file input.csv (CSV, C-alpha atoms and all ligand atoms)
chain,number,residue,atom,x,y,z
R,1,MET,CA,-4.7,-7.4,-7.8
R,2,ASN,CA,-1.8,-8.1,-10.2
R,3,HIS,CA,-0.6,-5.2,-12.2
R,4,SER,CA,-2.8,-2.6,-10.5
R,5,LEU,CA,-2.3,1.1,-10.2
R,6,ILE,CA,-3.6,2.1,-6.8
R,7,ILE,CA,-4.4,5.8,-6.4
R,8,ALA,CA,-3.6,7.2,-2.9
R,9,LEU,CA,-6.5,9.3,-1.8
R,10,ASP,CA,-4.5,11.5,0.5
R,11,PHE,CA,-7.3,14.1,1.0
R,12,ALA,CA,-8.6,15.8,4.1
R,13,ASP,CA,-12.2,14.8,3.9
R,14,ILE,CA,-14.9,13.0,1.9
R,15,SER,CA,-15.9,16.2,0.0
R,16,GLU,CA,-12.4,16.5,-1.5
R,17,VAL,CA,-12.6,12.8,-2.5
R,18,GLY,CA,-15.9,13.4,-4.2
R,19,ARG,CA,-14.5,16.4,-6.1
R,20,PHE,CA,-11.5,14.2,-7.2
R,21,LEU,CA,-13.6,11.2,-8.3
R,22,THR,CA,-16.4,13.1,-10.1
R,23,PRO,CA,-14.5,13.5,-13.5
R,24,PHE,CA,-13.7,9.7,-13.4
R,25,GLU,CA,-17.5,9.2,-13.8
R,26,ASP,CA,-18.4,5.5,-13.4
R,27,ARG,CA,-14.9,4.1,-13.8
R,28,GLN,CA,-13.9,1.6,-11.2
R,29,LEU,CA,-10.5,2.2,-9.7
R,30,PHE,CA,-8.2,0.7,-7.2
R,31,LEU,CA,-8.0,3.3,-4.4
R,32,LYS,CA,-6.0,3.7,-1.2
R,33,VAL,CA,-7.4,5.2,1.9
R,34,GLY,CA,-4.7,6.2,4.4
R,35,MET,CA,-4.5,7.7,7.9
R,36,GLU,CA,-5.4,11.3,6.9
R,37,LEU,CA,-8.7,10.4,5.4
R,38,PHE,CA,-9.7,7.5,7.7
R,39,TYR,CA,-9.0,9.4,10.9
R,40,GLN,CA,-11.3,12.2,9.6
R,41,GLU,CA,-14.1,10.1,8.1
R,42,GLY,CA,-13.9,6.7,9.7
R,43,PRO,CA,-15.5,3.6,8.2
R,44,ALA,CA,-18.0,5.7,6.3
R,45,ILE,CA,-15.3,6.5,3.7
R,46,VAL,CA,-14.9,2.8,3.0
R,47,ASP,CA,-18.6,2.4,2.5
R,48,TYR,CA,-18.7,5.5,0.3
R,49,LEU,CA,-16.0,4.1,-2.0
R,50,LYS,CA,-17.2,0.5,-2.0
R,51,VAL,CA,-20.8,1.2,-3.0
R,52,ARG,CA,-19.3,3.0,-6.1
R,53,GLY,CA,-17.6,-0.3,-7.0
R,54,HIS,CA,-13.9,0.6,-6.3
R,55,GLN,CA,-11.3,-1.8,-5.0
R,56,LEU,CA,-9.8,-0.6,-1.7
R,57,PHE,CA,-6.5,-0.7,0.0
R,58,LEU,CA,-6.9,0.5,3.6
R,59,ASP,CA,-3.4,1.7,4.4
R,60,LEU,CA,-3.4,2.1,8.2
R,61,LYS,CA,-0.1,0.4,8.8
R,62,LEU,CA,-1.0,-1.2,12.2
R,63,HIS,CA,1.9,-1.5,14.6
R,64,ASP,CA,1.2,-2.3,18.2
R,65,ILE,CA,1.3,-5.3,20.6
R,66,PRO,CA,0.0,-8.5,19.0
R,67,ASN,CA,-3.3,-8.6,21.0
R,68,THR,CA,-4.2,-5.0,20.1
R,69,VAL,CA,-3.4,-5.6,16.4
R,70,LYS,CA,-5.5,-8.8,16.4
R,71,SER,CA,-8.5,-7.0,17.8
R,72,ALA,CA,-8.2,-4.0,15.5
R,73,MET,CA,-7.9,-6.3,12.5
R,74,LYS,CA,-11.0,-8.2,13.5
R,75,GLY,CA,-12.9,-4.9,13.3
R,76,LEU,CA,-11.3,-3.9,10.1
R,77,ALA,CA,-12.1,-7.2,8.4
R,78,ARG,CA,-15.8,-6.3,8.7
R,79,LEU,CA,-15.2,-3.3,6.4
R,80,GLU,CA,-14.5,-5.8,3.6
R,81,CYS,CA,-11.6,-4.0,2.0
R,82,ASP,CA,-9.4,-5.8,-0.5
R,83,LEU,CA,-6.1,-5.1,1.2
R,84,VAL,CA,-4.9,-4.0,4.6
R,85,ASN,CA,-1.4,-3.7,6.2
R,86,VAL,CA,0.8,-3.7,9.2
R,87,HIS,CA,4.4,-2.7,9.9
R,88,ALA,CA,6.8,-5.7,9.7
R,89,ALA,CA,8.8,-4.0,12.5
R,90,GLY,CA,6.0,-5.1,14.9
R,91,GLY,CA,7.4,-8.6,14.6
R,92,LYS,CA,6.3,-12.1,13.4
R,93,GLU,CA,3.9,-12.7,16.4
R,94,MET,CA,2.1,-9.4,15.7
R,95,MET,CA,1.8,-10.3,12.0
R,96,ARG,CA,0.4,-13.7,12.8
R,97,GLU,CA,-2.1,-12.2,15.2
R,98,ALA,CA,-3.1,-9.7,12.5
R,99,LEU,CA,-4.0,-12.5,10.2
R,100,GLU,CA,-5.9,-14.3,13.0
R,101,GLY,CA,-7.9,-11.2,13.7
R,102,LEU,CA,-8.7,-10.8,10.0
R,103,GLU,CA,-9.8,-14.4,9.7
R,104,ALA,CA,-12.0,-14.0,12.8
R,105,GLY,CA,-13.6,-10.9,11.5
R,106,THR,CA,-14.3,-12.1,8.0
R,107,ALA,CA,-17.9,-13.2,7.4
R,108,ALA,CA,-18.5,-16.9,6.6
R,109,GLY,CA,-18.1,-17.6,2.9
R,110,ARG,CA,-16.1,-14.4,2.2
R,111,LYS,CA,-12.4,-14.3,1.5
R,112,ARG,CA,-10.4,-12.4,4.1
R,113,PRO,CA,-8.7,-9.1,3.0
R,114,ARG,CA,-5.1,-9.7,1.8
R,115,CYS,CA,-2.6,-8.5,4.4
R,116,ILE,CA,0.8,-7.0,3.6
R,117,ALA,CA,3.6,-5.6,5.7
R,118,VAL,CA,5.5,-2.4,5.3
R,119,THR,CA,9.2,-3.2,5.2
R,120,GLN,CA,11.1,0.0,5.3
R,121,LEU,CA,9.0,3.1,4.3
R,122,THR,CA,9.9,4.4,0.8
R,123,SER,CA,10.7,7.7,2.6
R,124,THR,CA,13.5,6.0,4.5
R,125,SER,CA,17.1,6.3,3.3
R,126,GLN,CA,20.1,4.2,4.1
R,127,GLU,CA,21.4,7.0,6.3
R,128,GLN,CA,18.2,7.5,8.2
R,129,MET,CA,17.8,3.8,8.9
R,130,ASN,CA,21.4,3.4,10.1
R,131,LYS,CA,21.6,6.6,12.2
R,132,GLU,CA,18.0,7.0,13.5
R,133,GLN,CA,16.7,3.5,13.6
R,134,LEU,CA,20.1,2.2,14.6
R,135,ILE,CA,19.8,-0.8,12.2
R,136,PRO,CA,23.5,-1.3,11.1
R,137,VAL,CA,22.9,-3.2,7.8
R,138,ALA,CA,22.3,-2.3,4.2
R,139,LEU,CA,18.8,-1.0,3.6
R,140,ASP,CA,17.9,-3.7,1.1
R,141,GLU,CA,19.1,-6.3,3.6
R,142,SER,CA,16.7,-4.9,6.2
R,143,VAL,CA,13.9,-4.9,3.6
R,144,LEU,CA,14.6,-8.6,2.7
R,145,HIS,CA,14.7,-9.6,6.3
R,146,TYR,CA,11.3,-8.0,7.0
R,147,ALA,CA,9.9,-9.6,3.8
R,148,SER,CA,11.0,-13.0,5.1
R,149,LEU,CA,9.4,-12.4,8.5
R,150,ALA,CA,6.2,-11.4,6.8
R,151,LYS,CA,6.3,-14.5,4.6
R,152,ASP,CA,7.0,-16.8,7.7
R,153,ALA,CA,4.0,-15.1,9.5
R,154,GLY,CA,1.8,-16.1,6.5
R,155,LEU,CA,1.2,-12.6,5.1
R,156,ASP,CA,0.4,-12.1,1.4
R,157,GLY,CA,3.1,-9.7,0.6
R,158,VAL,CA,4.9,-6.5,1.4
R,159,VAL,CA,5.1,-2.8,0.8
R,160,CYS,CA,8.6,-2.0,-0.5
R,161,SER,CA,10.4,0.1,-3.2
R,162,ALA,CA,10.3,-1.3,-6.7
R,163,TRP,CA,14.1,-1.5,-6.4
R,164,GLU,CA,13.7,-4.3,-3.9
R,165,SER,CA,10.8,-6.3,-5.5
R,166,ASP,CA,12.9,-8.7,-7.6
R,167,ALA,CA,15.2,-9.7,-4.7
R,168,ILE,CA,12.2,-10.2,-2.4
R,169,ARG,CA,10.4,-12.5,-4.9
R,170,LYS,CA,13.6,-14.5,-5.6
R,171,LYS,CA,14.0,-15.1,-1.8
R,172,VAL,CA,10.4,-15.7,-0.7
R,173,GLY,CA,8.5,-16.8,-3.9
R,174,GLN,CA,7.1,-15.3,-7.0
R,175,SER,CA,3.5,-15.2,-5.8
R,176,PHE,CA,4.4,-12.9,-2.8
R,177,LEU,CA,2.8,-9.5,-3.5
R,178,THR,CA,5.1,-6.5,-3.8
R,179,VAL,CA,3.1,-3.2,-3.6
R,180,CYS,CA,5.3,-0.3,-4.4
R,181,PRO,CA,4.8,3.4,-3.6
R,182,GLY,CA,7.6,6.0,-4.3
R,183,ILE,CA,6.9,6.0,-8.0
R,184,ARG,CA,7.5,9.1,-10.1
R,185,MET,CA,7.6,10.1,-13.7
R,186,LYS,CA,11.0,11.6,-14.6
R,187,SER,CA,9.6,15.1,-14.7
R,188,ASP,CA,7.8,14.8,-11.3
R,189,GLN,CA,8.9,16.2,-8.0
R,190,ILE,CA,10.2,13.6,-5.6
R,191,ASP,CA,8.7,15.3,-2.5
R,192,ASP,CA,9.5,13.4,0.8
R,193,GLN,CA,10.1,10.0,-1.0
R,194,LYS,CA,13.7,8.7,-0.9
R,195,ARG,CA,13.6,5.3,-2.7
R,196,VAL,CA,12.0,6.4,-5.9
R,197,THR,CA,11.6,4.6,-9.3
R,198,THR,CA,9.7,5.3,-12.5
R,199,PRO,CA,6.6,3.3,-13.7
R,200,ASP,CA,8.7,1.8,-16.5
R,201,TYR,CA,11.2,0.5,-13.9
R,202,ALA,CA,8.4,-0.9,-11.7
R,203,ARG,CA,6.8,-2.6,-14.7
R,204,ASP,CA,10.1,-4.2,-15.8
R,205,ALA,CA,10.8,-5.3,-12.2
R,206,GLY,CA,7.4,-7.2,-12.3
R,207,VAL,CA,6.0,-5.5,-9.1
R,208,SER,CA,2.4,-6.5,-8.3
R,209,ALA,CA,1.0,-3.0,-7.9
R,210,ILE,CA,2.2,0.6,-7.9
R,211,VAL,CA,0.8,3.2,-5.5
R,212,VAL,CA,0.6,6.8,-6.9
R,213,GLY,CA,-0.6,9.7,-5.0
R,214,ARG,CA,0.3,13.3,-5.5
R,215,SER,CA,1.4,12.9,-9.2
R,216,ILE,CA,-2.3,12.2,-10.0
R,217,THR,CA,-4.2,13.8,-7.2
R,218,ARG,CA,-2.5,17.1,-7.4
R,219,SER,CA,-2.3,17.4,-11.2
R,220,ALA,CA,-4.4,20.0,-13.0
R,221,ASP,CA,-6.3,17.2,-14.9
R,222,PRO,CA,-6.3,14.0,-12.8
R,223,VAL,CA,-8.1,11.9,-15.4
R,224,GLU,CA,-5.6,12.8,-18.1
R,225,SER,CA,-2.8,12.2,-15.6
R,226,TYR,CA,-4.2,8.8,-14.6
R,227,GLU,CA,-4.3,7.8,-18.3
R,228,LYS,CA,-0.7,8.9,-18.8
R,229,TRP,CA,0.2,6.8,-15.8
R,230,MET,CA,-1.7,3.8,-17.0
R,231,ASN,CA,0.0,4.0,-20.4
R,232,ALA,CA,3.5,4.2,-18.8
R,233,TRP,CA,2.7,1.4,-16.4
R,234,LYS,CA,0.6,-0.6,-18.9
R,235,GLY,CA,-1.8,-1.3,-16.1
R,236,ASP,CA,-4.9,-3.5,-16.1
R,237,TYR,CA,-8.1,-1.5,-16.1
R,301,LIG,O1,6.5,2.9,2.3
R,301,LIG,C1,5.5,3.5,2.1
R,301,LIG,C2,4.2,3.2,2.5
R,301,LIG,C3,3.1,3.9,2.1
R,301,LIG,N1,3.2,5.0,1.3
R,301,LIG,C4,2.0,5.7,1.0
R,301,LIG,O2,1.9,5.7,-0.5
R,301,LIG,C5,1.4,7.0,-0.9
R,301,LIG,C6,2.5,7.6,-1.8
R,301,LIG,O3,2.0,8.9,-2.2
R,301,LIG,P1,2.9,9.8,-3.2
R,301,LIG,O4,2.1,11.1,-3.2
R,301,LIG,O5,2.8,9.1,-4.6
R,301,LIG,O6,4.3,10.0,-2.7
R,301,LIG,C7,1.1,7.8,0.4
R,301,LIG,O7,-0.2,7.7,0.6
R,301,LIG,C8,1.9,7.1,1.4
R,301,LIG,O8,1.3,7.2,2.7
R,301,LIG,C9,4.5,5.4,0.9
R,301,LIG,O9,4.6,6.4,0.2
R,301,LIG,N2,5.6,4.6,1.3
call {"tool": "encode", "arguments": {"input": "input.csv", "output": "structure tokens"}}
result
Amino acid sequence: MNHSLIIALDFADISEVGRFLTPFEDRQLFLKVGMELFYQEGPAIVDYLKVRGHQLFLDLKLHDIPNTVKSAMKGLARLECDLVNVHAAGGKEMMREALEGLEAGTAAGRKRPRCIAVTQLTSTSQEQMNKEQLIPVALDESVLHYASLAKDAGLDGVVCSAWESDAIRKKVGQSFLTVCPGIRMKSDQIDDQKRVTTPDYARDAGVSAIVVGRSITRSADPVESYEKWMNAWKGDY
């Protein structure tokens, strides 16, 4: 999954997904299914995308008591996605149990899905974290701390802003995945994102993958937009 561009399919239902994907014809993409689509369509959306040969990041950001997350991950492993995630704020024990669940649910002979942890959402600012989460440190310190917890728990990487990727890898190792949303072209609207970088910045920072949603999915010509993004990111097809 190194140097992938993951398209966030933040659509209301499968018919919107179908309309979006049709102009891409038979191209195989790395796609992300989040809460909006999964809560509407359930596991059927995963099958729909997998039979078309796409790679899948199931972005459900599990965050619950360890036993519940373990059982949920056991079920999710059966969907055979490439990548799943949890919130690091759930703690080291929860993350370890998530991995155990994934291993238990993975069919013999198959590789378990990779599992990464959300550090601080890219929509979180320094001020929001200090005042609302009552975490009294610098935001990048909190991100590094969560990344270390995820590494100790055995996870494969984190979701973070591209700003934080280099420091994370220096601290926990270069093979640790950094999957980065909050990416915009200079001309794009930032929307609700706070820790935003450009694809060039993310490329130079050596992040593992960028996640791009609205800039592609809401553009008038998504295929052209995807090409523009792949050129800027110099992504692997
Ligand atoms: O910290 C996070 C974790 C997940 N996301 C998800 O990525 C996409 C970003 O979409 P854009 O339209 O490019 O902003 C979206 O699906 C989020 O749920 C994130 O943005 N930040």
call {"tool": "residues_near_ligand", "arguments": {"input": "input.csv", "ligand": "ligand LIG 301 (chain R)", "cutoff": "6 Å", "atoms": "only C-alpha atoms and all ligand atoms", "output": "list of chain:residue names"}}
result
R:Ala8, R:Asp10, R:Leu121, R:Thr122, R:Pro181, R:Gly182, R:Val211, R:Val212, R:Gly213, R:Arg214
call {"tool": "atom_distance", "arguments": {"input": "input.csv", "atom1": "CA of Ala202 in chain R", "atom2": "CA of Trp229 in chain R"}}
result
12.0 Å
call {"tool": "closest_residue", "arguments": {"input": "input.csv", "among": "R:Met94, R:Gln126, R:Met1, R:Asp156", "to": "Ser208 in chain R", "atoms": "all atoms listed in the file"}}
result
R:Met1
call {"tool": "closest_residue", "arguments": {"input": "input.csv", "among": "R:Ala107, R:Val196, R:Ile14, R:Ala147", "to": "Gly173 in chain R", "atoms": "all atoms listed in the file"}}
result
R:Ala147
call {"tool": "closest_residue", "arguments": {"input": "input.csv", "among": "R:Arg169, R:Gln174, R:Arg96, R:Asp64", "to": "Ala153 in chain R", "atoms": "all atoms listed in the file"}}
result
R:Arg96
call {"tool": "closest_residue", "arguments": {"input": "input.csv", "among": "R:Ala77, R:Glu224, R:Thr217, R:Cys180", "to": "Phe20 in chain R", "atoms": "only C-alpha atoms"}}
result
R:Thr217
call {"tool": "closest_residue", "arguments": {"input": "input.csv", "among": "R:Val17, R:Ser125, R:Leu5, R:Val179", "to": "Asp192 in chain R", "atoms": "all atoms listed in the file"}}
result
R:Ser125
call {"tool": "closest_residue", "arguments": {"input": "input.csv", "among": "R:Thr178, R:Val46, R:Arg184, R:Asp191", "to": "Ile216 in chain R", "atoms": "all atoms listed in the file"}}
result
R:Arg184
